[in-house]
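Okay, model_25.csv is below, CSV, C-alpha atoms:
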chain,number,residue,atom,x,y,z
A,1,MET,CA,45.9,55.3,54.0
A,2,LYS,CA,46.5,57.6,51.0
A,3,LEU,CA,47.7,54.7,48.8
A,4,ILE,CA,44.8,52.5,49.9
A,5,PHE,CA,42.3,55.2,49.1
A,6,ALA,CA,43.9,55.8,45.7
A,7,GLY,CA,43.7,52.1,44.9
A,8,ILE,CA,40.0,52.0,45.8
A,9,LEU,CA,39.4,55.0,43.6
A,10,ALA,CA,41.2,53.5,40.7
A,11,ALA,CA,39.0,50.4,40.9
A,12,LEU,CA,35.9,52.6,41.2
A,13,LEU,CA,36.8,54.9,38.4
A,14,GLY,CA,38.1,52.3,36.0
A,15,THR,CA,40.7,54.7,34.6
A,16,THR,CA,44.4,54.8,34.2
A,17,ALA,CA,47.0,57.4,34.9
A,18,ALA,CA,47.9,57.5,31.2
A,19,LYS,CA,45.0,59.8,30.4
A,20,ALA,CA,46.0,63.4,30.1
A,21,GLU,CA,42.7,64.9,31.2
A,22,GLU,CA,41.9,67.8,33.5
A,23,MET,CA,38.8,69.4,35.1
A,24,VAL,CA,38.0,72.4,37.2
A,25,PHE,CA,36.6,72.2,40.8
A,26,THR,CA,35.1,75.3,42.3
A,27,SER,CA,34.3,75.8,46.0
A,28,TRP,CA,34.3,78.4,48.7
A,29,GLY,CA,38.0,78.8,49.4
A,30,GLY,CA,39.8,78.7,52.8
A,31,THR,CA,40.0,75.7,55.0
A,32,THR,CA,37.0,74.0,53.4
A,33,GLN,CA,38.4,73.9,49.9
A,34,GLU,CA,41.8,73.0,51.3
A,35,ALA,CA,40.2,69.9,52.9
A,36,GLN,CA,38.3,69.1,49.7
A,37,THR,CA,41.6,69.3,47.7
A,38,LYS,CA,43.5,67.0,50.1
A,39,SER,CA,40.6,64.6,50.7
A,40,TRP,CA,39.1,64.4,47.2
A,41,ALA,CA,41.1,66.1,44.4
A,42,GLU,CA,44.6,64.9,45.2
A,43,PRO,CA,43.7,61.2,45.7
A,44,PHE,CA,41.4,61.4,42.6
A,45,THR,CA,44.3,62.6,40.4
A,46,VAL,CA,46.5,59.8,41.7
A,47,ALA,CA,43.8,57.2,40.9
A,48,SER,CA,42.5,58.6,37.6
A,49,GLY,CA,45.3,60.6,36.1
A,50,ILE,CA,42.8,63.5,35.8
A,51,LYS,CA,44.3,66.8,37.0
A,52,VAL,CA,41.9,68.8,39.1
A,53,LEU,CA,42.4,72.6,38.7
A,54,GLN,CA,41.0,74.7,41.6
A,55,ASP,CA,38.9,77.9,41.3
A,56,GLY,CA,36.7,79.9,43.6
A,57,PRO,CA,35.0,81.2,45.5
A,58,THR,CA,31.6,79.8,44.3
A,59,ASP,CA,29.7,82.6,42.6
A,60,TYR,CA,26.1,81.9,41.6
A,61,GLY,CA,25.9,84.9,39.2
A,62,LYS,CA,29.0,83.7,37.5
A,63,LEU,CA,27.8,80.2,37.1
A,64,LYS,CA,24.5,81.4,35.5
A,65,ALA,CA,26.4,83.8,33.2
A,66,MET,CA,28.6,80.9,32.0
A,67,VAL,CA,25.7,78.7,31.2
A,68,ASP,CA,23.7,81.5,29.6
A,69,ALA,CA,26.7,82.3,27.4
A,70,GLY,CA,27.4,78.7,26.5
A,71,SER,CA,31.0,79.1,27.8
A,72,VAL,CA,31.3,77.1,31.0
A,73,ASN,CA,34.7,76.9,32.6
A,74,TRP,CA,33.7,75.0,35.7
A,75,ASP,CA,33.1,71.3,35.9
A,76,VAL,CA,32.1,70.6,39.5
A,77,VAL,CA,30.9,73.3,41.8
A,78,ASP,CA,30.1,73.2,45.5
A,79,VAL,CA,26.9,75.1,46.1
A,80,GLU,CA,24.2,75.5,48.8
A,81,MET,CA,21.4,73.0,48.4
A,82,ASP,CA,18.6,75.6,48.0
A,83,PHE,CA,20.5,77.1,45.1
A,84,ALA,CA,20.9,73.6,43.5
A,85,ILE,CA,17.2,72.9,43.7
A,86,LYS,CA,16.3,76.3,42.0
A,87,ALA,CA,19.2,76.0,39.5
A,88,ALA,CA,18.0,72.6,38.4
A,89,LYS,CA,14.5,73.9,37.8
A,90,ASP,CA,16.0,76.8,35.8
A,91,GLY,CA,18.0,74.4,33.5
A,92,LEU,CA,21.4,75.4,34.8
A,93,LEU,CA,22.7,72.0,35.8
A,94,GLU,CA,23.5,68.7,34.2
A,95,PRO,CA,21.7,65.6,35.5
A,96,ILE,CA,23.8,63.3,37.6
A,97,ASP,CA,24.9,60.1,35.8
A,98,PHE,CA,24.1,57.6,38.6
A,99,LYS,CA,25.7,54.8,36.5
A,100,ALA,CA,29.0,56.6,37.1
A,101,VAL,CA,28.1,57.9,40.6
A,102,PRO,CA,27.0,55.1,43.0
A,103,LYS,CA,23.8,56.2,44.7
A,104,ALA,CA,22.8,53.4,47.1
A,105,ASP,CA,24.7,54.7,50.2
A,106,LEU,CA,24.1,58.5,49.6
A,107,ASP,CA,21.9,60.2,52.2
A,108,PRO,CA,18.6,60.7,50.2
A,109,ARG,CA,18.1,64.1,52.0
A,110,PHE,CA,21.1,65.5,50.1
A,111,THR,CA,20.7,63.6,46.8
A,112,THR,CA,18.7,64.8,43.8
A,113,ASP,CA,18.6,64.2,40.1
A,114,HIS,CA,21.0,67.1,39.6
A,115,ALA,CA,23.2,67.1,42.8
A,116,VAL,CA,25.0,64.8,45.3
A,117,GLY,CA,25.8,65.9,48.8
A,118,SER,CA,29.1,67.6,49.5
A,119,PHE,CA,28.9,67.8,53.3
A,120,TYR,CA,26.3,68.3,56.0
A,121,TYR,CA,26.8,71.4,58.3
A,122,SER,CA,25.4,73.5,61.0
A,123,PHE,CA,25.3,77.3,61.5
A,124,VAL,CA,26.5,77.9,65.0
A,125,LEU,CA,27.1,80.9,67.2
A,126,ALA,CA,30.8,81.6,67.6
A,127,TRP,CA,32.7,84.3,69.5
A,128,ASN,CA,36.1,85.6,70.3
A,129,LYS,CA,36.9,84.8,73.9
A,130,GLY,CA,39.4,87.6,74.2
A,131,VAL,CA,36.8,90.2,73.2
A,132,VAL,CA,33.6,88.8,74.8
A,133,SER,CA,33.1,88.9,78.5
A,134,GLY,CA,31.0,86.0,79.6
A,135,GLU,CA,29.5,83.2,77.5
A,136,PRO,CA,26.6,83.8,75.2
A,137,ALA,CA,23.9,81.1,75.4
A,138,GLY,CA,22.3,81.4,72.0
A,139,TRP,CA,21.0,83.5,69.1
A,140,ALA,CA,19.1,86.0,71.4
A,141,ASP,CA,22.4,87.1,72.8
A,142,MET,CA,23.5,88.2,69.3
A,143,PHE,CA,20.8,90.9,69.5
A,144,ASP,CA,21.6,92.0,73.1
A,145,THR,CA,24.1,94.7,72.6
A,146,LYS,CA,23.9,95.9,76.2
A,147,LYS,CA,24.8,92.6,77.7
A,148,PHE,CA,27.2,91.7,74.9
A,149,PRO,CA,28.6,94.8,73.1
A,150,GLY,CA,30.6,94.5,69.9
A,151,LYS,CA,30.2,93.9,66.3
A,152,ARG,CA,28.2,91.0,65.0
A,153,THR,CA,29.0,89.1,61.7
A,154,PHE,CA,26.4,87.4,59.5
A,155,TYR,CA,26.4,85.8,56.1
A,156,LYS,CA,26.1,88.6,53.5
A,157,TRP,CA,24.2,86.7,50.8
A,158,SER,CA,20.5,85.9,50.7
A,159,ALA,CA,20.4,82.3,51.9
A,160,PRO,CA,19.0,80.2,54.6
A,161,GLY,CA,20.2,81.2,58.1
A,162,VAL,CA,20.1,84.8,59.0
A,163,ILE,CA,16.3,85.3,58.6
A,164,GLU,CA,15.7,82.2,60.8
A,165,ILE,CA,18.2,83.4,63.4
A,166,ALA,CA,16.5,86.8,63.7
A,167,LEU,CA,13.1,85.1,64.2
A,168,LEU,CA,14.4,82.6,66.7
A,169,ALA,CA,16.0,85.5,68.6
A,170,ASP,CA,12.7,87.3,68.6
A,171,GLY,CA,11.0,84.3,70.2
A,172,VAL,CA,9.5,82.4,67.3
A,173,PRO,CA,9.3,78.7,68.1
A,174,ALA,CA,11.5,76.4,65.9
A,175,ASP,CA,8.5,74.5,64.6
A,176,LYS,CA,6.7,77.8,63.5
A,177,LEU,CA,9.6,79.3,61.5
A,178,TYR,CA,8.0,78.6,58.1
A,179,PRO,CA,6.6,80.3,56.2
A,180,LEU,CA,9.1,83.0,57.2
A,181,ASP,CA,7.7,86.2,58.6
A,182,LEU,CA,10.0,88.6,56.8
A,183,ASP,CA,8.4,91.7,58.4
A,184,ARG,CA,9.2,90.4,61.8
A,185,ALA,CA,12.7,89.2,60.9
A,186,PHE,CA,13.8,92.5,59.3
A,187,LYS,CA,12.3,94.5,62.2
A,188,LYS,CA,14.5,92.4,64.6
A,189,LEU,CA,17.6,92.8,62.3
A,190,ASP,CA,17.0,96.6,62.3
A,191,THR,CA,17.8,96.6,66.1
A,192,ILE,CA,21.4,95.7,65.4
A,193,LYS,CA,21.9,96.7,61.8
A,194,SER,CA,24.6,99.3,62.7
A,195,ASP,CA,26.6,96.7,64.5
A,196,ILE,CA,26.6,94.1,61.7
A,197,VAL,CA,29.8,93.3,59.7
A,198,TRP,CA,29.0,91.0,56.8
A,199,TRP,CA,31.1,88.1,55.6
A,200,SER,CA,30.8,86.8,52.1
A,201,GLY,CA,32.9,83.6,52.4
A,202,GLY,CA,33.9,81.2,55.0
A,203,ALA,CA,37.5,82.3,55.2
A,204,GLU,CA,36.4,85.9,55.9
A,205,SER,CA,34.1,84.7,58.7
A,206,GLN,CA,37.0,83.0,60.4
A,207,GLN,CA,39.2,86.1,60.0
A,208,LEU,CA,36.6,88.4,61.5
A,209,ILE,CA,36.1,86.3,64.6
A,210,ALA,CA,39.8,85.4,65.1
A,211,SER,CA,40.9,89.0,64.8
A,212,GLY,CA,38.2,90.3,67.1
A,213,GLU,CA,36.9,92.7,64.5
A,214,ALA,CA,33.6,91.0,65.2
A,215,ALA,CA,32.8,89.8,68.7
A,216,PHE,CA,30.2,87.3,67.6
A,217,GLY,CA,29.3,85.5,64.5
A,218,GLN,CA,27.1,83.1,62.6
A,219,LEU,CA,29.6,80.6,61.3
A,220,TRP,CA,29.6,77.3,59.6
A,221,ASN,CA,30.6,74.7,62.3
A,222,GLY,CA,33.5,73.5,60.2
A,223,ARG,CA,35.1,77.0,60.2
A,224,VAL,CA,34.9,77.1,64.0
A,225,PHE,CA,36.4,73.6,64.0
A,226,ALA,CA,39.3,74.8,62.0
A,227,LEU,CA,39.9,77.9,64.2
A,228,GLN,CA,39.8,75.7,67.4
A,229,HIS,CA,42.1,73.2,65.7
A,230,ASP,CA,44.6,76.1,65.2
A,231,GLU,CA,44.1,76.9,68.9
A,232,ALA,CA,42.3,80.2,68.3
A,233,GLU,CA,40.5,81.5,71.4
A,234,VAL,CA,37.0,81.0,70.0
A,235,GLY,CA,33.9,79.8,71.8
A,236,VAL,CA,30.9,78.0,70.2
A,237,SER,CA,27.3,77.5,71.1
A,238,TRP,CA,25.4,74.6,69.5
A,239,ALA,CA,22.1,75.8,70.9
A,240,GLN,CA,19.5,75.9,68.1
A,241,ASN,CA,22.2,75.0,65.6
A,242,LEU,CA,20.8,75.3,62.1
A,243,THR,CA,21.5,72.4,59.8
A,244,ALA,CA,21.7,72.3,56.0
A,245,ALA,CA,24.0,70.8,53.3
A,246,ASP,CA,26.2,71.8,50.5
A,247,VAL,CA,25.9,69.8,47.4
A,248,LEU,CA,28.1,69.2,44.3
A,249,VAL,CA,26.7,70.1,40.9
A,250,VAL,CA,27.8,70.0,37.3
A,251,PRO,CA,26.9,73.2,35.3
A,252,LYS,CA,25.0,72.7,32.1
A,253,GLY,CA,27.4,72.5,29.2
A,254,ALA,CA,30.5,71.7,31.4
A,255,LYS,CA,33.4,70.8,29.1
A,256,ASN,CA,34.6,67.8,31.0
A,257,LYS,CA,31.3,66.2,32.1
A,258,ASP,CA,32.7,62.6,32.1
A,259,ALA,CA,35.6,63.6,34.3
A,260,ALA,CA,33.2,65.5,36.5
A,261,MET,CA,31.0,62.5,37.1
A,262,LYS,CA,34.1,60.4,38.0
A,263,PHE,CA,35.1,63.1,40.5
A,264,LEU,CA,31.6,63.1,42.0
A,265,ALA,CA,31.9,59.3,42.5
A,266,ALA,CA,35.2,59.8,44.4
A,267,ALA,CA,34.1,62.7,46.4
A,268,SER,CA,30.9,61.0,47.6
A,269,SER,CA,32.4,57.6,48.3
A,270,PRO,CA,32.7,56.4,51.9
A,271,ALA,CA,36.4,56.9,51.9
A,272,GLY,CA,36.3,60.4,50.4
A,273,GLN,CA,33.5,61.5,52.7
A,274,ALA,CA,35.3,60.1,55.8
A,275,LYS,CA,38.6,61.8,54.9
A,276,PHE,CA,36.9,65.1,54.3
A,277,ALA,CA,34.8,64.9,57.5
A,278,GLU,CA,37.9,64.2,59.6
A,279,ALA,CA,39.7,67.2,58.0
A,280,SER,CA,36.8,69.7,58.1
A,281,GLY,CA,34.5,68.9,61.0
A,282,TYR,CA,31.5,68.7,58.7
A,283,ALA,CA,29.3,65.6,58.6
A,284,PRO,CA,29.5,63.1,55.7
A,285,ILE,CA,26.6,62.4,53.4
A,286,ASN,CA,27.6,58.8,52.6
A,287,THR,CA,26.0,56.6,55.1
A,288,LYS,CA,28.9,54.2,55.3
A,289,ALA,CA,31.5,56.9,55.9
A,290,LYS,CA,31.3,57.0,59.7
A,291,ALA,CA,32.4,53.4,59.9
A,292,GLU,CA,35.8,54.6,58.5
A,293,MET,CA,36.2,57.4,61.0
A,294,ALA,CA,37.6,57.7,64.5
A,295,ALA,CA,34.9,57.6,67.2
A,296,ASP,CA,36.1,61.0,68.7
A,297,VAL,CA,35.7,62.7,65.4
A,298,VAL,CA,32.2,61.3,64.9
A,299,LYS,CA,31.2,62.7,68.3
A,300,SER,CA,32.2,66.2,67.1
A,301,LEU,CA,30.0,66.3,64.0
A,302,PRO,CA,26.7,68.3,63.7
A,303,ASP,CA,24.6,65.2,64.0
A,304,ALA,CA,26.1,64.7,67.5
A,305,HIS,CA,24.4,67.9,68.5
A,306,VAL,CA,20.7,67.1,67.8
A,307,ASP,CA,19.2,68.5,71.0
A,308,GLY,CA,17.5,71.7,69.9
A,309,GLN,CA,18.8,71.3,66.3
A,310,ILE,CA,16.7,72.9,63.6
A,311,ASN,CA,16.7,71.8,60.0
A,312,LEU,CA,16.6,74.7,57.5
A,313,ASP,CA,13.9,74.2,54.9
A,314,MET,CA,15.7,74.1,51.6
A,315,ASN,CA,12.6,73.5,49.5
A,316,TYR,CA,10.9,76.6,51.0
A,317,TRP,CA,14.0,78.7,50.2
A,318,ALA,CA,14.3,77.3,46.6
A,319,GLU,CA,10.7,78.3,46.0
A,320,HIS,CA,11.0,81.8,47.5
A,321,ARG,CA,14.7,82.4,46.8
A,322,ASP,CA,14.2,85.3,44.3
A,323,GLU,CA,11.4,87.0,46.4
A,324,ILE,CA,13.5,86.9,49.6
A,325,ALA,CA,16.7,88.0,47.8
A,326,THR,CA,14.9,91.1,46.4
A,327,ARG,CA,13.9,92.3,49.8
A,328,TRP,CA,17.2,91.2,51.5
A,329,TYR,CA,19.4,93.3,49.2
A,330,ALA,CA,17.1,96.2,49.3
A,331,TRP,CA,17.3,96.1,53.1
A,332,GLN,CA,21.0,95.8,53.1
A,333,ALA,CA,21.3,98.9,50.8
A,334,LYS,CA,19.3,101.2,53.1
Kindly present the structure from the file in structure tokens form.
Amino acid sequence: MKLIFAGILAALLGTTAAKAEEMVFTSWGGTTQEAQTKSWAEPFTVASGIKVLQDGPTDYGKLKAMVDAGSVNWDVVDVEMDFAIKAAKDGLLEPIDFKAVPKADLDPRFTTDHAVGSFYYSFVLAWNKGVVSGEPAGWADMFDTKKFPGKRTFYKWSAPGVIEIALLADGVPADKLYPLDLDRAFKKLDTIKSDIVWWSGGAESQQLIASGEAAFGQLWNGRVFALQHDEAEVGVSWAQNLTAADVLVVPKGAKNKDAAMKFLAAASSPAGQAKFAEASGYAPINTKAKAEMAADVVKSLPDAHVDGQINLDMNYWAEHRDEIATRWYAWQAK
């Protein structure tokens, strides 16, 4: 399979192994970046001769500082989609060269002039079975410290997810989430603030749950998939799973832009997306990828859990990102 994939990529990229090029790919670390390395970077290097150096974790402040300084060390970066929308408006990203990156089969929900989808994911409720007595049914149980005592872990950064979870737990209907009622959300979060342990990256979220330091957590479904694959005693609830996507972007002024576009073509291809989905548990963004995947893997993806599924509004977050962030970090600091 690896040699076949490499051959397909070589034809797609139109390059030879004789080129002594390199580029830098930056992502979130842990099992996700490991899967991206094995599914995308390694076959890409075999096919193109372009060495892919790894960096991370993704840091939005660092990306902006690089662009502002005119000294960009990253070529392709995995980011959350709301950041990509805002970053494009702020002039921080290169436009995608769709002559180099085939667009026809990319899910249009996760494709813009400045980004192509990386993967499609859900935030799910996960818990350590050795610490938690009983089985939590959904987000409301994250806020019931009497029924389910223990620390809770949430994503540290201002981003889609936690605000919505607080509102859902407080009884807001899924179709009434937006515009976000920040007063109500922070009031709900105040009820468990002393029990919150924050995670700043996916690998940390896995460690907190697997170790039992946090009894419950808001985790990316792929991180739970990896824990369960390693036979960790971790439970998961897909009730009101919150969906969004990561996308791949090229920072403005990237030194290896041509190589970056070739990498994007490989990463977003049917074969690249299929391999990554099988390795990570995240859904592919190429509409032809599932045809190359085992049926049992397809059934485990986020889009197999559509009952009660809620799509996070990336455009709303992009528009209000700075406003929400100001309040979010001020609240965390109290």
Inset, instruction - Enter the distance from atom CA of Ala159 of chain A to atom CA of Met81 of chain A, in Å, rounded to one decimal. - result: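 We find that atom CA of Ala159 of chain A and atom CA of Met81 of chain A lie 10.0 Å from each other.
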Inset, instruction - Determine, counting all atoms listed in the file, every residue of protein, DNA or RNA that lies within 6 Å of (35.2, 81.7, 50.9) in the file coordinates, then give the result as a ChimeraX atom specification. - result: /A:28-30,57,201-203
Using C-alpha atoms, can you export the residues from the last selection as a PDB file, keeping the file's coordinate frame?
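Written out: again15.pdb:
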ATOM      1  CA  TRP A  28      34.300  78.400  48.700  1.00  0.00           C
ATOM      2  CA  GLY A  29      38.000  78.800  49.400  1.00  0.00           C
ATOM      3  CA  GLY A  30      39.800  78.700  52.800  1.00  0.00           C
ATOM      4  CA  PRO A  57      35.000  81.200  45.500  1.00  0.00           C
ATOM      5  CA  GLY A 201      32.900  83.600  52.400  1.00  0.00           C
ATOM      6  CA  GLY A 202      33.900  81.200  55.000  1.00  0.00           C
ATOM      7  CA  ALA A 203      37.500  82.300  55.200  1.00  0.00           C
TER       8      ALA A 203
END
Legend entry - Top pick for closest residue to Ala100 of chain A, considering A:His305, A:Lys188, A:Lys262, A:His229 and counting all atoms listed in the file: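 The shortest atom-to-atom distance to Ala100 of chain A comes from A:Lys262.
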Legend entry - Atom pair atom CA of Ala47 of chain A / atom CA of Asp107 of chain A: separation (Å):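 About the pair atom CA of Ala47 of chain A and atom CA of Asp107 of chain A: they are 24.8 Å apart.
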Inset, instruction - For atom CA of Gln240 of chain A and atom CA of Val306 of chain A, quote the distance in Å rounded to one decimal. - result: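 We find that atom CA of Gln240 of chain A and atom CA of Val306 of chain A lie 8.9 Å from each other.
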Legend entry - Within 8 Å of Leu125 of chain A using only C-alpha atoms, minus same-chain residues under 5 positions, as number ranges by chain: A: 138-139, 216-219, 236-238, 241
Legend entry - Residues near segment 316-320 of chain A, cut-off 10 Å, all atoms listed in the file, skip fewer than 4 positions along chain, as a list in words: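 What passes the distance filter is Met81, Asp82, Phe83, Ala84, Ile85, Lys86, Ala87, Lys89, Ser158, Ala159, Pro160, Tyr178, Pro179, Leu180, Leu312, Ile324 and Ala325 of chain A.
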Legend entry - Answer as a PyMOL selection string, residues within 8 Å of (34.7, 76.1, 47.0) using all atoms listed in the file: chain A and resi 25-29+32-33+55-58+77-79
Inset, instruction - Could you check which of A:Phe276, A:Trp40, A:Trp328, A:Tyr121 is closest to Ala185 of chain A, using only C-alpha atoms? - result: A:Trp328
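With distances restricted to all atoms listed in the file, A:Asp59 is the closest residue to Ser200 of chain A from A:Val76, A:Leu227, A:Asp59, A:Thr112.
Restricting the calculation to only C-alpha atoms, the smallest distance between Ser122 of chain A and any of A:Ala245, A:Ala291, A:Ile165, A:Val297 is found for A:Ala245.
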Legend entry - Among listed residues A:Gly272, A:Gly171, A:Gly134, A:Gly308, nearest Lys288 of chain A (using only C-alpha atoms):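 Ranking A:Gly272, A:Gly171, A:Gly134, A:Gly308 by distance to Lys288 of chain A, first place goes to A:Gly272.
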Would you fill out segment 311-324 of chain A with N, CA and C atoms and return it as an mmCIF file, in the frame of the given file?
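To be explicit, this is the file written out as out.cif:
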data_model
loop_
_atom_site.group_PDB
_atom_site.id
_atom_site.type_symbol
_atom_site.label_atom_id
_atom_site.label_comp_id
_atom_site.auth_asym_id
_atom_site.auth_seq_id
_atom_site.Cartn_x
_atom_site.Cartn_y
_atom_site.Cartn_z
ATOM 1 N N ASN A 311 16.352 72.047 61.364
ATOM 2 C CA ASN A 311 16.700 71.800 60.000
ATOM 3 C C ASN A 311 16.124 72.978 59.118
ATOM 4 N N LEU A 312 16.992 73.661 58.418
ATOM 5 C CA LEU A 312 16.600 74.700 57.500
ATOM 6 C C LEU A 312 15.806 74.101 56.339
ATOM 7 N N ASP A 313 14.750 74.767 55.922
ATOM 8 C CA ASP A 313 13.900 74.200 54.900
ATOM 9 C C ASP A 313 14.373 74.648 53.504
ATOM 10 N N MET A 314 15.128 73.753 52.860
ATOM 11 C CA MET A 314 15.700 74.100 51.600
ATOM 12 C C MET A 314 14.679 74.212 50.462
ATOM 13 N N ASN A 315 13.622 73.416 50.519
ATOM 14 C CA ASN A 315 12.600 73.500 49.500
ATOM 15 C C ASN A 315 11.834 74.824 49.575
ATOM 16 N N TYR A 316 11.584 75.293 50.786
ATOM 17 C CA TYR A 316 10.900 76.600 51.000
ATOM 18 C C TYR A 316 11.808 77.695 50.362
ATOM 19 N N TRP A 317 13.094 77.625 50.666
ATOM 20 C CA TRP A 317 14.000 78.700 50.200
ATOM 21 C C TRP A 317 14.137 78.594 48.644
ATOM 22 N N ALA A 318 14.167 77.411 48.103
ATOM 23 C CA ALA A 318 14.300 77.300 46.600
ATOM 24 C C ALA A 318 13.050 77.918 45.980
ATOM 25 N N GLU A 319 11.883 77.738 46.565
ATOM 26 C CA GLU A 319 10.700 78.300 46.000
ATOM 27 C C GLU A 319 10.573 79.795 46.130
ATOM 28 N N HIS A 320 11.129 80.322 47.230
ATOM 29 C CA HIS A 320 11.000 81.800 47.500
ATOM 30 C C HIS A 320 12.323 82.509 47.401
ATOM 31 N N ARG A 321 13.317 81.866 46.805
ATOM 32 C CA ARG A 321 14.700 82.400 46.800
ATOM 33 C C ARG A 321 14.713 83.840 46.184
ATOM 34 N N ASP A 322 14.108 84.032 45.022
ATOM 35 C CA ASP A 322 14.200 85.300 44.300
ATOM 36 C C ASP A 322 13.416 86.403 45.108
ATOM 37 N N GLU A 323 12.261 86.054 45.616
ATOM 38 C CA GLU A 323 11.400 87.000 46.400
ATOM 39 C C GLU A 323 12.171 87.476 47.642
ATOM 40 N N ILE A 324 12.780 86.540 48.377
ATOM 41 C CA ILE A 324 13.500 86.900 49.600
ATOM 42 C C ILE A 324 14.749 87.719 49.243
#
